[in-house]
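Asker: Okay, here's the structure, questions in a sec.
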Amino acid sequence: MSVMTLAQALNGALDLALARDPAVVLLGEDIGRSGGVFRITDRLREKHGADRVFDTPVAESGIIGAALGMAIAGLKPVAEIQFLGFSYPAYDQIINHVARIRNRSAHRFTAPMVVRIPFGGGIGAAEHHSESTEAIYAHIPGVKVVIPSTPSDAKGLLLAAIDDPDPVLVLEPIRLYRAVKEEVDEGHYVVPIGPIRVERDGVDLTLISWGAMMKETRAAASLLEESGVSVEVIDVRTLSPLDRSGIVASVEKTGRAVIVHEAPLTGGFGGEIAGVLAEECLYSLKAPVRRVTGWDTVFPLKRSEGHYLPSTDRIVTTARQTLED
Amino acid sequence: MFSLVNPDGTVRDRLPVTLDEMKRLYADMVEARVYDHKSMVLQRQGRIATYAPFEGQEAAQIGAAAALRPGDWVAATYRDAALMWKAGYPWELMVLSRIGDERGGSPPEGVNVLPPSLTVGGHMIHAVGLAWAEKLKGGDRIALTSFGDGATSEGDFHEAMNFAAVYELPVVFLCQNNQFAISYPRSEQTKAASIAGKAESYGMAGVQVDGNDVAAMLTATTEAVGSAREGKPTLIEALTFRMGPHTSSDDPARYRDDEETESWRLKDPILRIRLLLEKAGGWTEEWQSEVESVAVGEIEASVARAEAVPQPTREELFSRMFARPTPPLLEQLRRSQK
């Protein structure tokens, strides 16, 4: 075990995967010589060779389409798209081809590949660099979507994604890359794709979140606990396939749920979870399910980030309102 | 433009293809045309879904595919049934696909031909990835991708050409320039004098070929495949013409005149080889009937086998998404059965 940031854990996972399996290759913009704009692939090209870690031309559709071809022909490509806001030229490849080749060919051709994409705001970045459009990916049948919020999960989910026989999108919260540290197993292990992680047990209220907003969600839970509320905290960590029963079990116990995400409210993934709760445990609810989210605005530039991002205060206020209902 | 056999069946130069090979290619083109005509009939009878006919493009497709080895990769389009078949994809499965059954997308092991998608151009980059994998694995398989003149306007054409050249990948880009992208003429698709000429800007060889000349297509593609195995991709522009509509739902009278179509009928890819074989003493009425009867027999048997495939189960709808169905899919399957 050693203490690692989320970024270091991801780098360690890729290093291990390259060492373990000659079929694993990495491709993306600036991931080789420079180690990626967030240094997630730092020194991997030097260590594993320029025929395993490829710098590519600036062409997102090309990166994902080529990765799909590689995967069909027996490699296990791990592609990086530099920011989620730059992923949309590749959306056609993902929704029309990566997600469908198994179905289109009735299992004859498959896409064992991973797409890693840094996402989310809160670091004062330029336009397009702060997107949280995970819902448009979780909506696609045929791809899995995971979002780690801790170094251990980041490594274990990425290694599980690389082992998975189907395509997995790993969305990495930029704001947490270097903001969280913990003891991480240096060996190979996987965190199963699917199950939620109950991060804190409680009986009065369930806070449900994922990605970078886990930070504010944890802080809100601590504040609420100080005032005597027993809060259960769920890190969803896999949006697709969603662990419906895990979420339902928690809310059946607490009777109250607040969902927190950074993405805009309308069409956000919180609506899906609220839908699950309405279908599965309406009669256990003691209060309406509420959502604390970003607004239906474009993600703002640095000076307005505070106006946009869900704060610990907003989560606490909404939680208290839910507790009073 | 590279060509070997003139529309009247005379040979422009020395023919680097044997008479027996020419007879094989001729018979294959005849069989492909039987499939094409049969498919239009099946569509009109409501037995298959929308069909995209390739009549007129048999030489471009059969000639190109004849240059491949077993195991080579093919990423083609919805109009490339002849090419796919020549590369090993059974007619039966193509009919099954058109009947509306995903199992038609699953060619036998060893046949590395991807089932086509209906997006335009998105598959070209898959050939790049396939070729890239083969290069990294140290094998000598190549990938051929086929597309139309319309697809060259897609951004993916640029990305695929660029990647193939940059990484020196074993890819053959086959553009069947059939003059129209549904209704949009080649002259408006690009201001470039030729599509083949675009190759130069990627640092790649480009060659324009008479796409209605099966000998020229085989020869040019064989050369491109050889270069590809040495890491040099090529763009082949096959000049051809779609004699029929874009699909069974299209009316070409709205955008092109019969004169143009009739002028291409004189350049028919099958007719010219028949004339060539006649001149070379390789064609008889008897042989022609035999070729036709074999073709009709193959196609009729393929249609019968495809139509005899039982209905897919509801479970298959859910089980095809992943290697193992996820808990939400299993739950939805259970709900769908209530």
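Identifiers in the structure tokens: chain A, B, ... in order shown; residue index from 1 per chain; ligand index from 1 in order shown.
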Mind running chain B against chain A at 6 Å and telling me each contacting residue's nearest atom pair with the distance in Å (one decimal), counting only C-alpha atoms, chain and number ascending, as JSON lines?
Answerer:
{"residue": "B:Glu102", "atom": "CA", "partner": "A:Arg104", "partner_atom": "CA", "distance": 5.7}
{"residue": "B:Arg103", "atom": "CA", "partner": "A:Ala106", "partner_atom": "CA", "distance": 5.3}
{"residue": "B:Gly105", "atom": "CA", "partner": "A:Ser105", "partner_atom": "CA", "distance": 4.1}
{"residue": "B:Ser106", "atom": "CA", "partner": "A:Ser105", "partner_atom": "CA", "distance": 4.6}
{"residue": "B:Ile125", "atom": "CA", "partner": "A:Gly65", "partner_atom": "CA", "distance": 5.3}
{"residue": "B:His126", "atom": "CA", "partner": "A:Gly69", "partner_atom": "CA", "distance": 4.3}
{"residue": "B:Val128", "atom": "CA", "partner": "A:Ala66", "partner_atom": "CA", "distance": 5.8}
{"residue": "B:Gly129", "atom": "CA", "partner": "A:Ala66", "partner_atom": "CA", "distance": 3.8}
{"residue": "B:Leu130", "atom": "CA", "partner": "A:Gly69", "partner_atom": "CA", "distance": 4.4}
{"residue": "B:Ala133", "atom": "CA", "partner": "A:Met70", "partner_atom": "CA", "distance": 4.9}
{"residue": "B:Glu159", "atom": "CA", "partner": "A:Gly62", "partner_atom": "CA", "distance": 5.4}
{"residue": "B:Arg320", "atom": "CA", "partner": "A:Asn103", "partner_atom": "CA", "distance": 5.0}
{"residue": "B:Met321", "atom": "CA", "partner": "A:Gly142", "partner_atom": "CA", "distance": 5.3}
Asker: How would the residues just picked look written out with N, CA and C atoms as a compact mmCIF listing (two decimals), in the first residue's frame?
Answerer:
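As written to disk, result02.txt reads:
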# COMPACT_ATOMS: atom_id res chain seq x y z
N GLU B 102 -30.48 -9.38 -36.86
CA GLU B 102 -29.09 -9.04 -36.54
C GLU B 102 -28.15 -10.22 -36.76
N ARG B 103 -28.66 -11.44 -36.72
CA ARG B 103 -27.77 -12.59 -36.89
C ARG B 103 -27.15 -12.62 -38.28
N GLY B 105 -25.54 -10.31 -39.36
CA GLY B 105 -24.31 -9.52 -39.23
C GLY B 105 -23.13 -10.31 -38.72
N SER B 106 -23.29 -11.62 -38.64
CA SER B 106 -22.27 -12.46 -38.03
C SER B 106 -21.69 -13.45 -39.03
N ILE B 125 -12.57 4.65 -40.69
CA ILE B 125 -11.58 4.69 -39.62
C ILE B 125 -11.47 3.33 -38.91
N HIS B 126 -12.50 2.51 -39.00
CA HIS B 126 -12.41 1.17 -38.39
C HIS B 126 -11.35 0.35 -39.12
N VAL B 128 -8.77 1.50 -40.44
CA VAL B 128 -7.49 2.00 -39.95
C VAL B 128 -7.09 1.30 -38.65
N GLY B 129 -8.05 1.19 -37.74
CA GLY B 129 -7.77 0.52 -36.46
C GLY B 129 -7.48 -0.96 -36.64
N LEU B 130 -8.23 -1.59 -37.55
CA LEU B 130 -8.00 -3.02 -37.83
C LEU B 130 -6.58 -3.22 -38.36
N ALA B 133 -3.95 -2.68 -35.66
CA ALA B 133 -3.81 -3.85 -34.79
C ALA B 133 -2.98 -4.93 -35.49
N GLU B 159 -9.94 11.97 -41.47
CA GLU B 159 -9.28 11.41 -40.29
C GLU B 159 -8.71 10.02 -40.60
N ARG B 320 -27.73 -9.54 -26.67
CA ARG B 320 -26.74 -9.09 -27.65
C ARG B 320 -25.99 -7.83 -27.24
N MET B 321 -26.44 -7.16 -26.17
CA MET B 321 -25.83 -5.87 -25.84
C MET B 321 -24.42 -6.00 -25.25
Asker: Using backbone DSSP assignments, extract all alpha helix (DSSP H) residues from region 130-222 of chain A; output them as a list of chain:residue names.
Answerer: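 After running DSSP on the backbone, region 130-222 of chain A has alpha helix (DSSP H) at A:Glu134, A:Ala135, A:Ile136, A:Tyr137, A:Ala138, A:Pro151, A:Ser152, A:Asp153, A:Ala154, A:Lys155, A:Gly156, A:Leu157, A:Leu158, A:Leu159, A:Ala160, A:Ala161, A:Ile162, A:Asp163, A:Met214, A:Lys215, A:Glu216, A:Thr217, A:Arg218, A:Ala219, A:Ala220, A:Ala221, A:Ser222.
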Asker: Fewer than 2 positions away in the same chain doesn't count, so skip those; otherwise give me all residues within 7 Å of Gly32 (chain A), counting only C-alpha atoms, as a list of chain:residue names.
Answerer: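 The filter keeps A:Asp30, A:Ser34, A:Gly35, A:Gly36, A:Arg45, A:Val53, A:Phe54, A:Asp55.
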Asker: Of the candidates B:His123, B:Lys267, B:Arg274, B:Arg79, which one gets nearest to Leu25 (chain B) if we count only C-alpha atoms?
Answerer: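 Among the listed residues, B:Arg274 lies closest to Leu25 (chain B).
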Asker: If you run DSSP on the backbone here, which positions in region 179-301 of chain A get strand (DSSP E)? Please write them as a PyMOL selection string.
Answerer: chain A and resi 181-184+197-200+205-209+231-235+238-240+257-264+290-294
Asker: In terms of the shortest atom-to-atom distance over only C-alpha atoms, which of A:Ala160, A:Pro310, A:Ile174, A:Tyr88 is closest to Tyr137 (chain A)?
Answerer: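 Between A:Ala160, A:Pro310, A:Ile174, A:Tyr88, the residue approaching Tyr137 (chain A) most closely is A:Tyr88.
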